[in-house]
There are 2 protein chains.
Amino acid sequence: MERVCFRFYVRTEMIDEYKKRHAAVWPEMLQALTDCGWKNYSIFLNEKEGTLIGYCEVDDFAAAKAKMSKLDVNTRWQKYMQPLFPQDKRADESFENFVEVFHLA
Amino acid sequence: MERVCFRFYVRTEMIDEYKKRHAAVWPEMLQALTDCGWKNYSIFLNEKEGTLIGYCEVDDFAAAKAKMSKLDVNTRWQKYMQPLFPQDKRADESFENFVEVFHLA
């Protein structure tokens with residue numbers, strides 16, 4: 001099992017909307033994440049900067065991301081979220097991965 | 001149970017040393033973290049910047065941090081780690097907390 005940490009960004013003026021949408025993620029999107037192997041998935045926010053940190057546990061992150069990226073529901077979700085992000089790329093194509101250097105169970 | 005995410009920094013020229021020390025954290029320090037309630041604790045690194053992200057699960061993070069900060073082993077560990085950090089403050093006094101905005105079990 002991999003523990004995964006990645007960073008991305010939301011426009012600071014869109015933070016309220018980001019929070020609202022993430023308090024009500026489409027059930028079909030949640031099911032797709034679960035089906036693709038994402039577990040214990042959290043997103044954390046720094047409100048001043050719009051910095052987002054994703055953390056999740058997954059057997060094979062590259063495979064889970066690839067599987068997810070092919071799903072229609074994910075394409076629709078990313079399109080829906082796009083105006084909230086500063087970059088032109090989809091959020092899930094902009095993740096900057098961090099490397100685990102310590103773990104205590 | 002709280003899921004906690006915080007950010008801090010290591011000097012980029014000290015990254016190798018940081019990794020080395022975190023591959024061999026003192027057993028007494030690990031035990032202290034466990035005794036103070038830190039669970040599933042990971043530290044993730046961005047090597048280009050020296051940005052560190054901590055993630056852990058704990059019943060009450062403020063209480064666990066306060067408990068930890070009083071322990072002699074923690075004082076010794078923070079002193080030992082201090083030269084690796086850019087700030088004058090102890091690393092554990094420099095954590096910037098992020099707020100959880102999404103969770104999928």
# chains A, B, ... in the order shown; residues from 1 in each chain; ligands from 1
$ residues_around --residues "A:Lys67" --least-positions-apart "5" --cutoff "12 Å" --atoms "only C-alpha atoms" --output "PDB file with C-alpha atoms, in the first residue's frame"
ATOM      1  CA  ALA A  32     -15.536   5.950  -8.851  1.00  0.00           C
ATOM      2  CA  LEU A  33     -12.669   6.925  -6.517  1.00  0.00           C
ATOM      3  CA  THR A  34     -13.445   3.947  -4.293  1.00  0.00           C
ATOM      4  CA  ASP A  35     -13.736   1.608  -7.290  1.00  0.00           C
ATOM      5  CA  CYS A  36     -10.349   2.835  -8.566  1.00  0.00           C
ATOM      6  CA  GLY A  37      -8.733   2.052  -5.206  1.00  0.00           C
ATOM      7  CA  TRP A  38      -8.515   5.470  -3.463  1.00  0.00           C
ATOM      8  CA  ASP A  60      -0.812   1.562  -6.816  1.00  0.00           C
ATOM      9  CA  PHE A  61      -1.290   5.314  -7.223  1.00  0.00           C
ATOM     10  CA  ALA A  62      -0.160   5.527 -10.849  1.00  0.00           C
ATOM     11  CA  ASP A  72     -16.545   9.723 -17.883  1.00  0.00           C
ATOM     12  CA  VAL A  73     -17.629  10.891 -14.432  1.00  0.00           C
ATOM     13  CA  ASN A  74     -14.101  12.107 -13.728  1.00  0.00           C
ATOM     14  CA  THR A  75     -13.969  14.015 -17.019  1.00  0.00           C
TER      15      THR A  75
END
$ select_by_dssp --residues "chain B" --states "strand (DSSP E)" --output "PyMOL selection string"
chain B and resi 2-9+39-46+51-58+96-104
$ interface_residues --of "chain B" --to "chain A" --cutoff "10 Å" --atoms "only C-alpha atoms" --output "ChimeraX atom specification"
/B:3-7,18-25,30-31,33-34,38-47,51-57,96-105
$ atom_distance --atom1 "atom CA of A:Asp59" --atom2 "atom CA of A:Lys89"
25.8 Å
$ select_by_dssp --residues "stretch 1-31 of chain A" --states "alpha helix (DSSP H)" --output "VMD selection string"
chain A and resid 15 to 22 27 to 31
$ atom_distance --atom1 "atom CA of B:Glu17" --atom2 "atom CA of B:Arg76"
17.0 Å
$ atom_distance --atom1 "atom CA of A:Pro86" --atom2 "atom CA of A:Val10"
6.3 Å
$ closest_residue --among "A:Ser69, A:Ala63, A:Phe85, A:Pro27" --to "A:Arg11" --atoms "only C-alpha atoms"
A:Phe85
$ decode --residues "stretch 22-71 of chain B" --atoms "N, CA and C atoms" --output "PDB file, in the first residue's frame"
ATOM      1  N   HIS B  22      15.734  10.732   9.385  1.00  0.00           N
ATOM      2  CA  HIS B  22      14.357  10.250   9.477  1.00  0.00           C
ATOM      3  C   HIS B  22      14.203   8.788   9.077  1.00  0.00           C
ATOM      4  N   ALA B  23      15.267   8.232   8.530  1.00  0.00           N
ATOM      5  CA  ALA B  23      15.285   6.778   8.311  1.00  0.00           C
ATOM      6  C   ALA B  23      15.729   6.068   9.587  1.00  0.00           C
ATOM      7  N   ALA B  24      16.168   6.851  10.565  1.00  0.00           N
ATOM      8  CA  ALA B  24      16.685   6.246  11.816  1.00  0.00           C
ATOM      9  C   ALA B  24      16.300   7.120  13.005  1.00  0.00           C
ATOM     10  N   VAL B  25      15.017   7.409  13.096  1.00  0.00           N
ATOM     11  CA  VAL B  25      14.537   8.191  14.246  1.00  0.00           C
ATOM     12  C   VAL B  25      14.757   7.359  15.513  1.00  0.00           C
ATOM     13  N   TRP B  26      15.200   8.042  16.581  1.00  0.00           N
ATOM     14  CA  TRP B  26      15.458   7.344  17.848  1.00  0.00           C
ATOM     15  C   TRP B  26      14.217   6.544  18.283  1.00  0.00           C
ATOM     16  N   PRO B  27      14.386   5.294  18.648  1.00  0.00           N
ATOM     17  CA  PRO B  27      13.239   4.492  19.115  1.00  0.00           C
ATOM     18  C   PRO B  27      12.486   5.174  20.266  1.00  0.00           C
ATOM     19  N   GLU B  28      13.216   5.865  21.114  1.00  0.00           N
ATOM     20  CA  GLU B  28      12.588   6.557  22.246  1.00  0.00           C
ATOM     21  C   GLU B  28      11.671   7.692  21.752  1.00  0.00           C
ATOM     22  N   MET B  29      12.070   8.317  20.653  1.00  0.00           N
ATOM     23  CA  MET B  29      11.258   9.394  20.065  1.00  0.00           C
ATOM     24  C   MET B  29       9.985   8.809  19.437  1.00  0.00           C
ATOM     25  N   LEU B  30      10.140   7.690  18.726  1.00  0.00           N
ATOM     26  CA  LEU B  30       8.974   7.028  18.127  1.00  0.00           C
ATOM     27  C   LEU B  30       7.980   6.604  19.210  1.00  0.00           C
ATOM     28  N   GLN B  31       8.528   6.056  20.299  1.00  0.00           N
ATOM     29  CA  GLN B  31       7.669   5.608  21.402  1.00  0.00           C
ATOM     30  C   GLN B  31       6.918   6.784  22.016  1.00  0.00           C
ATOM     31  N   ALA B  32       7.622   7.917  22.151  1.00  0.00           N
ATOM     32  CA  ALA B  32       6.994   9.114  22.723  1.00  0.00           C
ATOM     33  C   ALA B  32       5.832   9.587  21.840  1.00  0.00           C
ATOM     34  N   LEU B  33       6.039   9.595  20.528  1.00  0.00           N
ATOM     35  CA  LEU B  33       4.962   9.994  19.604  1.00  0.00           C
ATOM     36  C   LEU B  33       3.747   9.074  19.774  1.00  0.00           C
ATOM     37  N   THR B  34       4.026   7.779  19.808  1.00  0.00           N
ATOM     38  CA  THR B  34       2.941   6.809  19.992  1.00  0.00           C
ATOM     39  C   THR B  34       2.233   7.044  21.328  1.00  0.00           C
ATOM     40  N   ASP B  35       3.018   7.218  22.394  1.00  0.00           N
ATOM     41  CA  ASP B  35       2.442   7.423  23.728  1.00  0.00           C
ATOM     42  C   ASP B  35       1.587   8.690  23.774  1.00  0.00           C
ATOM     43  N   CYS B  36       1.972   9.693  22.977  1.00  0.00           N
ATOM     44  CA  CYS B  36       1.228  10.958  22.976  1.00  0.00           C
ATOM     45  C   CYS B  36       0.036  10.926  22.005  1.00  0.00           C
ATOM     46  N   GLY B  37      -0.130   9.795  21.312  1.00  0.00           N
ATOM     47  CA  GLY B  37      -1.345   9.628  20.514  1.00  0.00           C
ATOM     48  C   GLY B  37      -1.195   9.833  19.017  1.00  0.00           C
ATOM     49  N   TRP B  38       0.040  10.030  18.529  1.00  0.00           N
ATOM     50  CA  TRP B  38       0.244  10.205  17.077  1.00  0.00           C
ATOM     51  C   TRP B  38       0.133   8.845  16.386  1.00  0.00           C
ATOM     52  N   LYS B  39      -0.756   8.758  15.395  1.00  0.00           N
ATOM     53  CA  LYS B  39      -0.914   7.506  14.644  1.00  0.00           C
ATOM     54  C   LYS B  39      -0.829   7.785  13.143  1.00  0.00           C
ATOM     55  N   ASN B  40      -0.407   6.755  12.409  1.00  0.00           N
ATOM     56  CA  ASN B  40      -0.342   6.835  10.940  1.00  0.00           C
ATOM     57  C   ASN B  40       0.319   8.150  10.509  1.00  0.00           C
ATOM     58  N   TYR B  41       1.460   8.436  11.112  1.00  0.00           N
ATOM     59  CA  TYR B  41       2.163   9.716  10.928  1.00  0.00           C
ATOM     60  C   TYR B  41       3.187   9.586   9.799  1.00  0.00           C
ATOM     61  N   SER B  42       2.990  10.381   8.755  1.00  0.00           N
ATOM     62  CA  SER B  42       3.949  10.414   7.650  1.00  0.00           C
ATOM     63  C   SER B  42       4.486  11.826   7.468  1.00  0.00           C
ATOM     64  N   ILE B  43       5.714  11.908   6.977  1.00  0.00           N
ATOM     65  CA  ILE B  43       6.262  13.184   6.513  1.00  0.00           C
ATOM     66  C   ILE B  43       6.632  13.019   5.045  1.00  0.00           C
ATOM     67  N   PHE B  44       6.177  13.975   4.228  1.00  0.00           N
ATOM     68  CA  PHE B  44       6.424  13.956   2.786  1.00  0.00           C
ATOM     69  C   PHE B  44       7.260  15.171   2.411  1.00  0.00           C
ATOM     70  N   LEU B  45       8.134  14.976   1.431  1.00  0.00           N
ATOM     71  CA  LEU B  45       9.117  15.998   1.061  1.00  0.00           C
ATOM     72  C   LEU B  45       9.004  16.388  -0.406  1.00  0.00           C
ATOM     73  N   ASN B  46       9.139  17.687  -0.661  1.00  0.00           N
ATOM     74  CA  ASN B  46       9.387  18.194  -2.012  1.00  0.00           C
ATOM     75  C   ASN B  46      10.868  18.565  -2.074  1.00  0.00           C
ATOM     76  N   GLU B  47      11.632  17.782  -2.803  1.00  0.00           N
ATOM     77  CA  GLU B  47      13.099  17.912  -2.771  1.00  0.00           C
ATOM     78  C   GLU B  47      13.596  19.218  -3.375  1.00  0.00           C
ATOM     79  N   LYS B  48      12.884  19.758  -4.353  1.00  0.00           N
ATOM     80  CA  LYS B  48      13.332  20.994  -4.992  1.00  0.00           C
ATOM     81  C   LYS B  48      13.287  22.166  -4.016  1.00  0.00           C
ATOM     82  N   GLU B  49      12.223  22.184  -3.189  1.00  0.00           N
ATOM     83  CA  GLU B  49      11.986  23.351  -2.329  1.00  0.00           C
ATOM     84  C   GLU B  49      12.385  23.143  -0.878  1.00  0.00           C
ATOM     85  N   GLY B  50      12.429  21.878  -0.454  1.00  0.00           N
ATOM     86  CA  GLY B  50      12.577  21.609   0.982  1.00  0.00           C
ATOM     87  C   GLY B  50      11.270  21.729   1.747  1.00  0.00           C
ATOM     88  N   THR B  51      10.161  21.776   1.007  1.00  0.00           N
ATOM     89  CA  THR B  51       8.853  21.805   1.681  1.00  0.00           C
ATOM     90  C   THR B  51       8.544  20.427   2.260  1.00  0.00           C
ATOM     91  N   LEU B  52       8.103  20.405   3.510  1.00  0.00           N
ATOM     92  CA  LEU B  52       7.721  19.163   4.181  1.00  0.00           C
ATOM     93  C   LEU B  52       6.239  19.226   4.540  1.00  0.00           C
ATOM     94  N   ILE B  53       5.556  18.119   4.325  1.00  0.00           N
ATOM     95  CA  ILE B  53       4.150  18.010   4.729  1.00  0.00           C
ATOM     96  C   ILE B  53       4.031  16.868   5.735  1.00  0.00           C
ATOM     97  N   GLY B  54       3.473  17.188   6.882  1.00  0.00           N
ATOM     98  CA  GLY B  54       3.177  16.159   7.876  1.00  0.00           C
ATOM     99  C   GLY B  54       1.712  15.779   7.804  1.00  0.00           C
ATOM    100  N   TYR B  55       1.444  14.493   7.927  1.00  0.00           N
ATOM    101  CA  TYR B  55       0.060  13.997   8.007  1.00  0.00           C
ATOM    102  C   TYR B  55       0.006  13.035   9.172  1.00  0.00           C
ATOM    103  N   CYS B  56      -0.985  13.179  10.028  1.00  0.00           N
ATOM    104  CA  CYS B  56      -1.166  12.171  11.077  1.00  0.00           C
ATOM    105  C   CYS B  56      -2.614  12.099  11.516  1.00  0.00           C
ATOM    106  N   GLU B  57      -2.902  11.055  12.251  1.00  0.00           N
ATOM    107  CA  GLU B  57      -4.250  10.828  12.774  1.00  0.00           C
ATOM    108  C   GLU B  57      -4.130  10.758  14.290  1.00  0.00           C
ATOM    109  N   VAL B  58      -4.964  11.508  14.961  1.00  0.00           N
ATOM    110  CA  VAL B  58      -4.790  11.671  16.397  1.00  0.00           C
ATOM    111  C   VAL B  58      -6.129  12.085  17.013  1.00  0.00           C
ATOM    112  N   ASP B  59      -6.375  11.663  18.247  1.00  0.00           N
ATOM    113  CA  ASP B  59      -7.665  11.995  18.872  1.00  0.00           C
ATOM    114  C   ASP B  59      -7.810  13.497  19.082  1.00  0.00           C
ATOM    115  N   ASP B  60      -6.741  14.142  19.529  1.00  0.00           N
ATOM    116  CA  ASP B  60      -6.792  15.583  19.820  1.00  0.00           C
ATOM    117  C   ASP B  60      -5.400  16.140  19.556  1.00  0.00           C
ATOM    118  N   PHE B  61      -5.225  16.774  18.394  1.00  0.00           N
ATOM    119  CA  PHE B  61      -3.884  17.165  17.958  1.00  0.00           C
ATOM    120  C   PHE B  61      -3.270  18.207  18.890  1.00  0.00           C
ATOM    121  N   ALA B  62      -4.055  19.188  19.311  1.00  0.00           N
ATOM    122  CA  ALA B  62      -3.523  20.232  20.200  1.00  0.00           C
ATOM    123  C   ALA B  62      -3.000  19.593  21.489  1.00  0.00           C
ATOM    124  N   ALA B  63      -3.769  18.675  22.039  1.00  0.00           N
ATOM    125  CA  ALA B  63      -3.363  18.002  23.282  1.00  0.00           C
ATOM    126  C   ALA B  63      -2.127  17.129  23.042  1.00  0.00           C
ATOM    127  N   ALA B  64      -2.106  16.406  21.913  1.00  0.00           N
ATOM    128  CA  ALA B  64      -0.977  15.518  21.605  1.00  0.00           C
ATOM    129  C   ALA B  64       0.308  16.325  21.410  1.00  0.00           C
ATOM    130  N   LYS B  65       0.198  17.482  20.760  1.00  0.00           N
ATOM    131  CA  LYS B  65       1.363  18.349  20.541  1.00  0.00           C
ATOM    132  C   LYS B  65       1.861  18.924  21.863  1.00  0.00           C
ATOM    133  N   ALA B  66       0.917  19.357  22.693  1.00  0.00           N
ATOM    134  CA  ALA B  66       1.276  19.943  23.991  1.00  0.00           C
ATOM    135  C   ALA B  66       1.977  18.897  24.862  1.00  0.00           C
ATOM    136  N   LYS B  67       1.437  17.684  24.852  1.00  0.00           N
ATOM    137  CA  LYS B  67       2.021  16.595  25.640  1.00  0.00           C
ATOM    138  C   LYS B  67       3.447  16.309  25.160  1.00  0.00           C
ATOM    139  N   MET B  68       3.583  16.216  23.840  1.00  0.00           N
ATOM    140  CA  MET B  68       4.875  15.928  23.228  1.00  0.00           C
ATOM    141  C   MET B  68       5.898  17.022  23.560  1.00  0.00           C
ATOM    142  N   SER B  69       5.461  18.267  23.527  1.00  0.00           N
ATOM    143  CA  SER B  69       6.395  19.387  23.694  1.00  0.00           C
ATOM    144  C   SER B  69       7.008  19.430  25.095  1.00  0.00           C
ATOM    145  N   LYS B  70       6.384  18.740  26.018  1.00  0.00           N
ATOM    146  CA  LYS B  70       6.903  18.740  27.402  1.00  0.00           C
ATOM    147  C   LYS B  70       7.928  17.637  27.656  1.00  0.00           C
ATOM    148  N   LEU B  71       8.070  16.722  26.709  1.00  0.00           N
ATOM    149  CA  LEU B  71       8.945  15.568  26.950  1.00  0.00           C
ATOM    150  C   LEU B  71      10.406  15.897  26.666  1.00  0.00           C
TER     151      LEU B  71
END
